[in-house]
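Participant: Below is one structure. I have some questions about it.
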Amino acid sequence: MQWIIRLIVAIIFGANFGALSALWMGGMISGGPRIGNAIDIDGWQSDWSIGSENADPYVRARVARNGLMGLRKEEAVYFLKTEDDSGEALSEACTYQVRGGQLPAAWWSITLYDSENRLPMNEDGRLSFDQSQAERLNGEDMSDWSFIVSATAPQAEDTPWVSSRAGGLFDLTLRLYQPRADLLEDPGAALTPPKIERLSCRAEAG
């Protein structure tokens, strides 16, 4: 009789564990991966199987869950980062400067998502920074652009700003549209990803 009970417990445990692990891998549970990490360049992670016929069910679930559109990599590739350059989790409590240069694509954007894989629930209207904004600020010189990520607007009104208000522990997603062939062939050599420098945190203001 005891072996029957143990068998039933094992079946129930296995079914629940399998369901939870599938939901986590698919990004359906908070903390689950939003994107694969088959490619990692200075902490910016990507997965070239997104948008391909070879994508496994977990990748397809993450794409559907996180609104990545699932375009073929010849049309768009995605990189995600959850930490600053010192290895600390990106947090609404801190202020960051994101700085970059020329990127190997026809057009690009960087968007902030909260810990629930959504756009933060705020009304600031400043949740992304893209190539068009960089061009308005820098003209044709795209070798050095930057913007601030913080929960409150910078004092200087003309400072490029992405709002992290209500973002909690957030991440940044870099989208590269119509990527160059060398990026697809050797991403580690072709891409110099943006830097994310933590400038201050509210807890440090003392």
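A note on labels: chains of the structure tokens are A, B, ... as shown, every chain counts residues from 1, and ligands are counted from 1 in their shown order.
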Need to verify the contact set: Phe79 of chain A, 12 Å, only C-alpha atoms, exclusion of same-chain residues closer than 4 positions in sequence. Can you return it as a short mmCIF file (atom, residue, chain, number, x, y, z; two decimals) with C-alpha atoms, in the first residue's frame?

Facilitator:
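out-v9.cif written:
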```cif
data_model
loop_
_atom_site.label_atom_id
_atom_site.label_comp_id
_atom_site.auth_asym_id
_atom_site.auth_seq_id
_atom_site.Cartn_x
_atom_site.Cartn_y
_atom_site.Cartn_z
CA ARG A 34 12.91 36.61 -21.28
CA ILE A 35 15.41 35.61 -23.92
CA GLY A 36 17.96 32.86 -24.40
CA ASN A 37 21.63 33.33 -23.55
CA ALA A 38 23.24 31.37 -26.38
CA ILE A 39 25.00 34.63 -27.29
CA ASP A 40 26.48 36.80 -24.54
CA ILE A 41 28.41 39.98 -25.33
CA ASP A 42 29.41 41.93 -22.21
CA GLY A 43 26.22 40.78 -20.49
CA TRP A 44 23.93 41.56 -23.43
CA GLN A 45 22.27 38.21 -24.19
CA SER A 46 20.55 36.95 -27.31
CA ASP A 47 19.37 33.79 -29.03
CA TRP A 48 19.66 33.47 -32.80
CA ILE A 50 14.25 33.54 -32.27
CA LEU A 68 9.54 40.30 -29.42
CA LYS A 73 17.18 37.33 -37.60
CA TRP A 108 18.01 50.33 -33.54
CA SER A 109 16.10 50.99 -30.33
CA ILE A 110 16.55 50.36 -26.60
CA THR A 111 13.40 49.75 -24.50
CA ASP A 171 15.94 45.14 -17.99
CA LEU A 172 16.88 46.88 -21.22
CA THR A 173 16.18 45.31 -24.62
CA LEU A 174 18.29 46.35 -27.60
CA ARG A 175 16.60 45.75 -30.95
CA LEU A 176 18.73 45.82 -34.10
CA TYR A 177 16.70 46.00 -37.31
CA PRO A 187 28.20 38.82 -33.29
CA LEU A 191 28.88 44.31 -31.97
CA THR A 192 30.20 46.75 -29.40
CA PRO A 193 27.14 46.93 -27.13
CA PRO A 194 26.14 49.97 -25.08
#
```

Participant: May I have the residues within 9 Å of Ala93 of chain A as a ChimeraX atom specification, using only C-alpha atoms and disregarding those fewer than 6 positions away in the same chain?

Facilitator: /A:150-151,164-165,168-169,200-203

Participant: Let's have the selection written as a PDB file, in the first residue's frame, with N, CA, C and O atoms.

Facilitator:
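Dumped to result_17.pdb:
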```
ATOM      1  N   SER A 150      16.380  56.746 -15.231  1.00  0.00           N
ATOM      2  CA  SER A 150      16.108  57.062 -13.831  1.00  0.00           C
ATOM      3  C   SER A 150      14.605  57.129 -13.610  1.00  0.00           C
ATOM      4  O   SER A 150      13.818  57.211 -14.571  1.00  0.00           O
ATOM      5  N   ALA A 151      14.203  57.097 -12.338  1.00  0.00           N
ATOM      6  CA  ALA A 151      12.780  57.129 -12.002  1.00  0.00           C
ATOM      7  C   ALA A 151      12.201  58.532 -12.048  1.00  0.00           C
ATOM      8  O   ALA A 151      10.980  58.694 -12.102  1.00  0.00           O
ATOM      9  N   SER A 164      12.415  54.859 -15.537  1.00  0.00           N
ATOM     10  CA  SER A 164      12.312  53.557 -14.888  1.00  0.00           C
ATOM     11  C   SER A 164      11.269  53.558 -13.775  1.00  0.00           C
ATOM     12  O   SER A 164      11.164  52.580 -13.027  1.00  0.00           O
ATOM     13  N   ARG A 165      10.500  54.639 -13.663  1.00  0.00           N
ATOM     14  CA  ARG A 165       9.500  54.733 -12.593  1.00  0.00           C
ATOM     15  C   ARG A 165       8.511  53.575 -12.685  1.00  0.00           C
ATOM     16  O   ARG A 165       7.988  53.289 -13.757  1.00  0.00           O
ATOM     17  N   GLY A 168      10.722  48.715 -10.982  1.00  0.00           N
ATOM     18  CA  GLY A 168      11.292  47.729 -10.066  1.00  0.00           C
ATOM     19  C   GLY A 168      12.673  47.303 -10.530  1.00  0.00           C
ATOM     20  O   GLY A 168      13.509  48.126 -10.897  1.00  0.00           O
ATOM     21  N   LEU A 169      12.922  46.006 -10.521  1.00  0.00           N
ATOM     22  CA  LEU A 169      14.135  45.457 -11.122  1.00  0.00           C
ATOM     23  C   LEU A 169      13.838  45.258 -12.603  1.00  0.00           C
ATOM     24  O   LEU A 169      13.054  44.376 -12.962  1.00  0.00           O
ATOM     25  N   SER A 200      24.254  56.671  -9.459  1.00  0.00           N
ATOM     26  CA  SER A 200      23.891  56.840  -8.055  1.00  0.00           C
ATOM     27  C   SER A 200      22.668  55.985  -7.749  1.00  0.00           C
ATOM     28  O   SER A 200      21.995  55.505  -8.661  1.00  0.00           O
ATOM     29  N   CYS A 201      22.401  55.792  -6.461  1.00  0.00           N
ATOM     30  CA  CYS A 201      21.189  55.099  -6.011  1.00  0.00           C
ATOM     31  C   CYS A 201      20.604  55.869  -4.846  1.00  0.00           C
ATOM     32  O   CYS A 201      21.340  56.494  -4.081  1.00  0.00           O
ATOM     33  N   ARG A 202      19.313  55.808  -4.688  1.00  0.00           N
ATOM     34  CA  ARG A 202      18.671  56.545  -3.612  1.00  0.00           C
ATOM     35  C   ARG A 202      19.198  56.115  -2.247  1.00  0.00           C
ATOM     36  O   ARG A 202      19.354  56.937  -1.347  1.00  0.00           O
ATOM     37  N   ALA A 203      19.510  54.828  -2.096  1.00  0.00           N
ATOM     38  CA  ALA A 203      20.016  54.343  -0.817  1.00  0.00           C
ATOM     39  C   ALA A 203      21.384  54.917  -0.486  1.00  0.00           C
ATOM     40  O   ALA A 203      21.767  54.983   0.681  1.00  0.00           O
TER      41      ALA A 203
END
```

Participant: Within segment 69-165 of chain A, find each residue whose DSSP state, derived from the backbone, is helix (DSSP H, G or I), and express the selection as an MDAnalysis selection string.

Facilitator: chainID A and resid 131:138

Participant: Can you spit out the residues from that selection as a JSON list (two decimals), in the first residue's frame, using C-alpha atoms?

Facilitator:
```
[["chain", "number", "residue", "atom", "x", "y", "z"],
["A", 131, "GLN", "CA", 18.48, 55.87, -33.43],
["A", 132, "SER", "CA", 16.19, 58.71, -34.53],
["A", 133, "GLN", "CA", 16.57, 60.43, -31.16],
["A", 134, "ALA", "CA", 20.33, 59.93, -31.23],
["A", 135, "GLU", "CA", 20.49, 61.44, -34.71],
["A", 136, "ARG", "CA", 18.49, 64.50, -33.63],
["A", 137, "LEU", "CA", 20.99, 65.07, -30.83],
["A", 138, "ASN", "CA", 24.22, 64.17, -32.61]]
```

Participant: Using only C-alpha atoms, which residue out of A:Phe170, A:Trp145, A:Trp107, A:Tyr113 lies closest to Glu92 of chain A?

Facilitator: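 Looking at the shortest contact to Glu92 of chain A, the residue is A:Phe170.
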
Participant: Can you tell me, as a count of residues only, what residues are no more than 9 Å from Glu74 of chain A when counting only C-alpha atoms, ignoring any on the same chain fewer than 5 positions away?

Facilitator: 6

Participant: Can you tell me, as a list in words, what residues are no more than 6 Å from segment 156-163 of chain A when counting only C-alpha atoms, ignoring any on the same chain fewer than 5 positions away?

Facilitator: Arg126, Leu127, Ser128, Phe147, Ile148, Val149, Ser150 and Ala151 of chain A

Participant: Of the candidates A:Met142, A:Ala76, A:Phe129, A:Leu119, which shows the shortest atom-to-atom distance to Val98 of chain A, using only C-alpha atoms?

Facilitator: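 Closest to Val98 of chain A, using only C-alpha atoms: A:Phe129.
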
Participant: Would you mind reading off the distance between atom CA of Leu112 of chain A and atom CA of Tyr96 of chain A, one decimal, in Å?

Facilitator: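 Going from atom CA of Leu112 of chain A over to atom CA of Tyr96 of chain A, I get 12.4 Å.
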